[in-house]
Amino acid sequence: MKRALLLATVMMMAPATAKADTAEILASIDARSEQSADTARKLWEWAEVGYQEEKSSGLLQQQLRAQGFSIDTGVAGIPTAFVAEYGKGGPVIAILAEFDALPGINQDATPTRQPIPGKGASHACGHNLFGAGSVEAAIAVGKWLEETGTPGRVRLYGTPAEEGGSGKVYMVREGLFNDVDFSLHWHASHENSAAARTTLANRSAKFRFRGVSAHAAGAPDKARSALDGVEAFNMMINMMREHVPQDSRIHYVITEGGTAPNVVPDFAEVFYYVRHPDPAGVDAIWARLEEAAKGAAMGTGTEVDWEVIHGNNPLLVNEALAKMMDQKLRQVGGVSYTPEEQSFAEKIHASFDKPSRKLGSEAEIQPYNKSLGYGSTDVGDVSYATPTVGLRTATWVPGTSAHSWQSSAASGMSIGFKGTQVAAKTLTLAAIELYSNPGLRAEAKAEFDKARGPNYEYKSLLGDRKPPLDYRK
């Protein structure tokens, strides 16, 4: 009887203790908010593109090392990739951190269109916030592990070149997630949501056509235009769009097409992306792409070769984890604006044509559901290596699209920093729940094993190529 009474007393006391510990940890995230904002702002100012994020990667490593994390740098053959770890024993929970910027777009942290002179990239996808917020979550989880004496390790994966470089794929391929029990991630957004949203698989390549130069007026018969090869190729693919599955996506940019109209170009390059919900769908469309490239070269008297740049598997949804993340996000809550931020947001919102979200929704949590997202991410490959879950927070003004000047503007100021705090707190609560809840861990792993199937073998969509460290140069 005494033993039963003692057990009941302990069980009643445990949640209160855990609550107190959690409250203190969340308070520690608030206490570091200025440092987190400073980190996010520095990454925003540097705006380093894929595989060139030396300062950004170095700053995140410096902060983790100062908190007692051990760090393995230059992993998977990528100088800016790293793995930082804190704690002892298991389970092992990974938190992903991105920090690469987007080339070809540029904007100051202002609510009207205002490019920064001489700057060729910006954080229009909010990876400066992603990196800063994930580091804050990892530090908070490490403190919780130490203060509670909970066995477990938290790992911060510094993952470069998400934007078309597939940095995480090389880390998965290298086996760096083999002993990870669960992975957590988040992303900048215009809304707060932990919905179970999958992504499209994708692959990209640079198709390079080579011809013969000559004077375009004096000796055109001697020339074979590499640009003609690119244009013929593009025309074929544009006609093919009618004859691919509904959820497919194909897009391209001509990255080189000559320099003077009176010189027939002997080199031209076009950069293609192909997306589909199923990796097999990407493979099927890709085979037709390659045949079209050969046909275009044959028809224009040129030669063509191509280099696969990146490839991502779709995100494997884990609903046991997603529903838990949704609960934690609702516990933390959304974002509230100061009068100055409200004024900024109103000006941004006025620049949209038919915005998809109303002002004020930054304070709300969107309903939980399961859906298909039309973007792609190398987190997909991580999700096939270990059960993975993520969330999005309102770091941008409601209605903002990623890869826009409006998203870049908010990513460099307090609206973005506030959404980052929401993400750091939610990730921390999710990690604590996983360390504390063996039943949830078992449920999530069972769902993961069932989703992959008994005979699953990992296949990278970029093959066995080495990291394209110069793809943004």
# chains A, B, ... in the order shown; residues from 1 in each chain; ligands from 1
call {"tool": "closest_atom_pairs", "arguments": {"of": "segment 335-452 of chain A", "to": "segment 295-318 of chain A", "cutoff": "9 Å", "atoms": "only C-alpha atoms", "output": "Markdown table"}}
result
| residue | atom | partner | partner_atom | distance |
| --- | --- | --- | --- | --- |
| A:Lys370 | CA | A:Val317 | CA | 8.6 |
| A:Ser376 | CA | A:Pro314 | CA | 6.9 |
| A:Thr377 | CA | A:Asn312 | CA | 6.3 |
| A:Asp378 | CA | A:Asn312 | CA | 5.1 |
| A:Val379 | CA | A:Leu315 | CA | 6.6 |
| A:Gly380 | CA | A:Leu315 | CA | 3.8 |
| A:Asp381 | CA | A:Asn313 | CA | 5.3 |
| A:Val382 | CA | A:Leu315 | CA | 8.3 |
| A:Ser383 | CA | A:Leu316 | CA | 5.4 |
| A:Tyr384 | CA | A:Leu316 | CA | 6.4 |
| A:Pro387 | CA | A:Asn318 | CA | 6.7 |
| A:Thr388 | CA | A:Asn318 | CA | 6.7 |
| A:Val389 | CA | A:Asn318 | CA | 6.7 |
| A:Ala444 | CA | A:Asn318 | CA | 6.7 |
| A:Lys445 | CA | A:Asn318 | CA | 8.9 |
| A:Glu447 | CA | A:Asn318 | CA | 6.8 |
| A:Phe448 | CA | A:Asn318 | CA | 6.6 |
| A:Ala451 | CA | A:Leu316 | CA | 7.9 |
| A:Arg452 | CA | A:Leu316 | CA | 8.5 |
call {"tool": "residues_around", "arguments": {"residues": "Ile365 of chain A", "least_positions_apart": "6", "cutoff": "12 Å", "atoms": "only C-alpha atoms", "output": "number ranges by chain"}}
result
A: 190-195, 325-335, 391-394, 422
call {"tool": "write_last_selection", "arguments": {"atoms": "N, CA and C atoms", "output": "PDB file, in the first residue's frame"}}
result
ATOM      1  N   HIS A 190       4.947  32.361 -44.346  1.00  0.00           N
ATOM      2  CA  HIS A 190       4.013  33.449 -44.052  1.00  0.00           C
ATOM      3  C   HIS A 190       2.912  32.982 -43.110  1.00  0.00           C
ATOM      4  N   GLU A 191       3.037  31.767 -42.589  1.00  0.00           N
ATOM      5  CA  GLU A 191       2.017  31.206 -41.713  1.00  0.00           C
ATOM      6  C   GLU A 191       2.648  30.282 -40.689  1.00  0.00           C
ATOM      7  N   ASN A 192       1.899  30.012 -39.643  1.00  0.00           N
ATOM      8  CA  ASN A 192       2.315  29.042 -38.631  1.00  0.00           C
ATOM      9  C   ASN A 192       1.578  27.735 -38.891  1.00  0.00           C
ATOM     10  N   SER A 193       2.324  26.674 -39.144  1.00  0.00           N
ATOM     11  CA  SER A 193       1.684  25.402 -39.470  1.00  0.00           C
ATOM     12  C   SER A 193       2.642  24.251 -39.227  1.00  0.00           C
ATOM     13  N   ALA A 194       2.093  23.167 -38.676  1.00  0.00           N
ATOM     14  CA  ALA A 194       2.839  21.916 -38.560  1.00  0.00           C
ATOM     15  C   ALA A 194       2.101  20.819 -39.312  1.00  0.00           C
ATOM     16  N   ALA A 195       1.359  21.203 -40.338  1.00  0.00           N
ATOM     17  CA  ALA A 195       0.626  20.230 -41.153  1.00  0.00           C
ATOM     18  C   ALA A 195       1.588  19.234 -41.782  1.00  0.00           C
ATOM     19  N   MET A 325       4.037  17.723 -33.215  1.00  0.00           N
ATOM     20  CA  MET A 325       4.589  19.046 -33.510  1.00  0.00           C
ATOM     21  C   MET A 325       3.478  20.096 -33.562  1.00  0.00           C
ATOM     22  N   ASP A 326       2.340  19.716 -34.105  1.00  0.00           N
ATOM     23  CA  ASP A 326       1.196  20.632 -34.153  1.00  0.00           C
ATOM     24  C   ASP A 326       0.774  21.045 -32.743  1.00  0.00           C
ATOM     25  N   GLN A 327       0.768  20.098 -31.825  1.00  0.00           N
ATOM     26  CA  GLN A 327       0.408  20.401 -30.438  1.00  0.00           C
ATOM     27  C   GLN A 327       1.405  21.370 -29.805  1.00  0.00           C
ATOM     28  N   LYS A 328       2.691  21.132 -30.058  1.00  0.00           N
ATOM     29  CA  LYS A 328       3.715  22.004 -29.474  1.00  0.00           C
ATOM     30  C   LYS A 328       3.639  23.411 -30.055  1.00  0.00           C
ATOM     31  N   LEU A 329       3.365  23.512 -31.357  1.00  0.00           N
ATOM     32  CA  LEU A 329       3.236  24.831 -31.973  1.00  0.00           C
ATOM     33  C   LEU A 329       2.062  25.592 -31.376  1.00  0.00           C
ATOM     34  N   ARG A 330       0.960  24.893 -31.129  1.00  0.00           N
ATOM     35  CA  ARG A 330      -0.202  25.549 -30.522  1.00  0.00           C
ATOM     36  C   ARG A 330       0.104  25.975 -29.079  1.00  0.00           C
ATOM     37  N   GLN A 331       0.951  25.219 -28.413  1.00  0.00           N
ATOM     38  CA  GLN A 331       1.361  25.591 -27.059  1.00  0.00           C
ATOM     39  C   GLN A 331       2.168  26.889 -27.067  1.00  0.00           C
ATOM     40  N   VAL A 332       3.038  27.033 -28.058  1.00  0.00           N
ATOM     41  CA  VAL A 332       3.878  28.234 -28.153  1.00  0.00           C
ATOM     42  C   VAL A 332       3.067  29.427 -28.644  1.00  0.00           C
ATOM     43  N   GLY A 333       2.225  29.201 -29.655  1.00  0.00           N
ATOM     44  CA  GLY A 333       1.422  30.293 -30.207  1.00  0.00           C
ATOM     45  C   GLY A 333       2.113  31.012 -31.349  1.00  0.00           C
ATOM     46  N   GLY A 334       1.400  31.958 -31.944  1.00  0.00           N
ATOM     47  CA  GLY A 334       1.898  32.653 -33.123  1.00  0.00           C
ATOM     48  C   GLY A 334       2.689  33.912 -32.800  1.00  0.00           C
ATOM     49  N   VAL A 335       2.652  34.851 -33.740  1.00  0.00           N
ATOM     50  CA  VAL A 335       3.461  36.069 -33.684  1.00  0.00           C
ATOM     51  C   VAL A 335       2.544  37.276 -33.485  1.00  0.00           C
ATOM     52  N   LEU A 391       8.058  22.085 -39.211  1.00  0.00           N
ATOM     53  CA  LEU A 391       6.991  23.075 -39.080  1.00  0.00           C
ATOM     54  C   LEU A 391       7.385  24.319 -39.842  1.00  0.00           C
ATOM     55  N   ARG A 392       6.406  25.207 -40.024  1.00  0.00           N
ATOM     56  CA  ARG A 392       6.642  26.514 -40.627  1.00  0.00           C
ATOM     57  C   ARG A 392       6.119  27.574 -39.664  1.00  0.00           C
ATOM     58  N   THR A 393       6.808  28.694 -39.602  1.00  0.00           N
ATOM     59  CA  THR A 393       6.344  29.777 -38.737  1.00  0.00           C
ATOM     60  C   THR A 393       6.265  31.084 -39.514  1.00  0.00           C
ATOM     61  N   ALA A 394       5.469  32.014 -38.999  1.00  0.00           N
ATOM     62  CA  ALA A 394       5.182  33.271 -39.695  1.00  0.00           C
ATOM     63  C   ALA A 394       6.331  34.257 -39.530  1.00  0.00           C
ATOM     64  N   VAL A 422       9.525  31.605 -32.352  1.00  0.00           N
ATOM     65  CA  VAL A 422       8.445  30.609 -32.302  1.00  0.00           C
ATOM     66  C   VAL A 422       8.971  29.246 -32.731  1.00  0.00           C
TER      67      VAL A 422
END
call {"tool": "residues_around", "arguments": {"residues": "segment 146-159 of chain A", "least_positions_apart": "4", "cutoff": "8 Å", "atoms": "only C-alpha atoms", "output": "MDAnalysis selection string"}}
result
chainID A and resid 21 57 80:99 131 134:135 138 141:142 167:168 435
call {"tool": "residues_around", "arguments": {"residues": "Glu290 of chain A", "least_positions_apart": "2", "cutoff": "12 Å", "atoms": "only C-alpha atoms", "output": "JSON list (two decimals) with N, CA and C atoms, in the first residue's frame"}}
result
[["chain", "number", "residue", "atom", "x", "y", "z"],
["A", 204, "SER", "N", 17.98, 18.25, -61.13],
["A", 204, "SER", "CA", 18.37, 19.35, -62.02],
["A", 204, "SER", "C", 19.66, 18.99, -62.74],
["A", 205, "ALA", "N", 19.88, 19.67, -63.87],
["A", 205, "ALA", "CA", 21.13, 19.49, -64.61],
["A", 205, "ALA", "C", 21.38, 20.70, -65.48],
["A", 206, "LYS", "N", 22.64, 20.94, -65.76],
["A", 206, "LYS", "CA", 23.03, 21.96, -66.72],
["A", 206, "LYS", "C", 23.34, 21.26, -68.05],
["A", 207, "PHE", "N", 22.57, 21.60, -69.08],
["A", 207, "PHE", "CA", 22.76, 21.04, -70.43],
["A", 207, "PHE", "C", 23.62, 22.00, -71.23],
["A", 208, "ARG", "N", 24.76, 21.50, -71.73],
["A", 208, "ARG", "CA", 25.75, 22.35, -72.38],
["A", 208, "ARG", "C", 25.87, 21.96, -73.86],
["A", 233, "PHE", "N", 15.98, 22.76, -78.00],
["A", 233, "PHE", "CA", 15.74, 21.91, -76.83],
["A", 233, "PHE", "C", 14.59, 22.47, -75.99],
["A", 234, "ASN", "N", 14.66, 23.78, -75.72],
["A", 234, "ASN", "CA", 13.60, 24.40, -74.91],
["A", 234, "ASN", "C", 12.24, 24.30, -75.59],
["A", 236, "MET", "N", 11.19, 21.95, -77.60],
["A", 236, "MET", "CA", 10.72, 20.57, -77.46],
["A", 236, "MET", "C", 10.13, 20.33, -76.07],
["A", 237, "ILE", "N", 10.83, 20.82, -75.05],
["A", 237, "ILE", "CA", 10.37, 20.60, -73.68],
["A", 237, "ILE", "C", 9.08, 21.36, -73.43],
["A", 272, "TYR", "N", 18.09, 23.12, -66.10],
["A", 272, "TYR", "CA", 16.74, 22.57, -65.98],
["A", 272, "TYR", "C", 16.46, 21.95, -64.62],
["A", 274, "VAL", "N", 13.37, 19.32, -62.98],
["A", 274, "VAL", "CA", 12.20, 18.47, -63.19],
["A", 274, "VAL", "C", 11.69, 18.02, -61.82],
["A", 283, "ASP", "N", 12.29, 10.20, -62.87],
["A", 283, "ASP", "CA", 13.13, 9.38, -63.77],
["A", 283, "ASP", "C", 12.51, 9.28, -65.16],
["A", 284, "ALA", "N", 11.19, 9.06, -65.22],
["A", 284, "ALA", "CA", 10.52, 8.88, -66.51],
["A", 284, "ALA", "C", 10.57, 10.16, -67.35],
["A", 285, "ILE", "N", 10.29, 11.31, -66.71],
["A", 285, "ILE", "CA", 10.35, 12.58, -67.44],
["A", 285, "ILE", "C", 11.78, 12.90, -67.82],
["A", 286, "TRP", "N", 12.70, 12.59, -66.93],
["A", 286, "TRP", "CA", 14.11, 12.91, -67.18],
["A", 286, "TRP", "C", 14.65, 12.16, -68.40],
["A", 287, "ALA", "N", 14.23, 10.92, -68.58],
["A", 287, "ALA", "CA", 14.68, 10.15, -69.76],
["A", 287, "ALA", "C", 14.24, 10.85, -71.04],
["A", 288, "ARG", "N", 13.04, 11.41, -71.05],
["A", 288, "ARG", "CA", 12.55, 12.13, -72.22],
["A", 288, "ARG", "C", 13.32, 13.44, -72.41],
["A", 292, "ALA", "N", 15.39, 14.51, -75.76],
["A", 292, "ALA", "CA", 15.13, 15.78, -76.44],
["A", 292, "ALA", "C", 16.42, 16.56, -76.63],
["A", 293, "ALA", "N", 17.30, 16.53, -75.64],
["A", 293, "ALA", "CA", 18.58, 17.23, -75.76],
["A", 293, "ALA", "C", 19.41, 16.66, -76.91],
["A", 294, "LYS", "N", 19.42, 15.35, -77.02],
["A", 294, "LYS", "CA", 20.16, 14.70, -78.11],
["A", 294, "LYS", "C", 19.55, 15.09, -79.46],
["A", 295, "GLY", "N", 18.20, 15.10, -79.52],
["A", 295, "GLY", "CA", 17.54, 15.47, -80.77],
["A", 295, "GLY", "C", 17.82, 16.90, -81.16],
["A", 296, "ALA", "N", 17.82, 17.80, -80.18],
["A", 296, "ALA", "CA", 18.10, 19.21, -80.46],
["A", 296, "ALA", "C", 19.52, 19.38, -81.00],
["A", 297, "ALA", "N", 20.45, 18.66, -80.41],
["A", 297, "ALA", "CA", 21.83, 18.74, -80.89],
["A", 297, "ALA", "C", 21.95, 18.19, -82.31],
["A", 304, "VAL", "N", 26.01, 17.99, -77.40],
["A", 304, "VAL", "CA", 25.47, 18.31, -76.09],
["A", 304, "VAL", "C", 25.94, 17.31, -75.06],
["A", 305, "ASP", "N", 26.19, 17.80, -73.85],
["A", 305, "ASP", "CA", 26.41, 16.93, -72.69],
["A", 305, "ASP", "C", 25.72, 17.62, -71.51],
["A", 306, "TRP", "N", 25.60, 16.92, -70.42],
["A", 306, "TRP", "CA", 24.92, 17.51, -69.27],
["A", 306, "TRP", "C", 25.53, 17.01, -67.97],
["A", 307, "GLU", "N", 25.40, 17.85, -66.95],
["A", 307, "GLU", "CA", 25.89, 17.54, -65.60],
["A", 307, "GLU", "C", 24.74, 17.63, -64.63],
["A", 308, "VAL", "N", 24.40, 16.51, -63.97],
["A", 308, "VAL", "CA", 23.39, 16.54, -62.93],
["A", 308, "VAL", "C", 23.93, 17.35, -61.76]]
call {"tool": "closest_residue", "arguments": {"among": "A:Phe267, A:Phe209, A:Trp396, A:Phe417", "to": "His349 of chain A", "atoms": "only C-alpha atoms"}}
result
A:Trp396
call {"tool": "atom_distance", "arguments": {"atom1": "atom CA of Val282 of chain A", "atom2": "atom CA of Ser122 of chain A"}}
result
29.1 Å
call {"tool": "select_by_dssp", "arguments": {"residues": "segment 314-443 of chain A", "states": "helix (DSSP H, G or I)", "output": "VMD selection string"}}
result
chain A and resid 319 to 332 339 to 350 361 to 363 379 to 385 405 to 411 414 to 436 438 to 443
call {"tool": "closest_residue", "arguments": {"among": "A:Leu102, A:Ala188, A:Ala37, A:Ala214", "to": "Gly50 of chain A", "atoms": "only C-alpha atoms"}}
result
A:Leu102
call {"tool": "residues_around", "arguments": {"residues": "Lys347 of chain A", "least_positions_apart": "5", "cutoff": "9 Å", "atoms": "only C-alpha atoms", "output": "PyMOL selection string"}}
result
chain A and resi 111-112+342
call {"tool": "residues_around", "arguments": {"residues": "segment 355-359 of chain A", "least_positions_apart": "2", "cutoff": "10 Å", "atoms": "only C-alpha atoms", "output": "VMD selection string"}}
result
chain A and resid 190 to 191 342 345 to 346 349 to 353 361 to 363 397 to 401
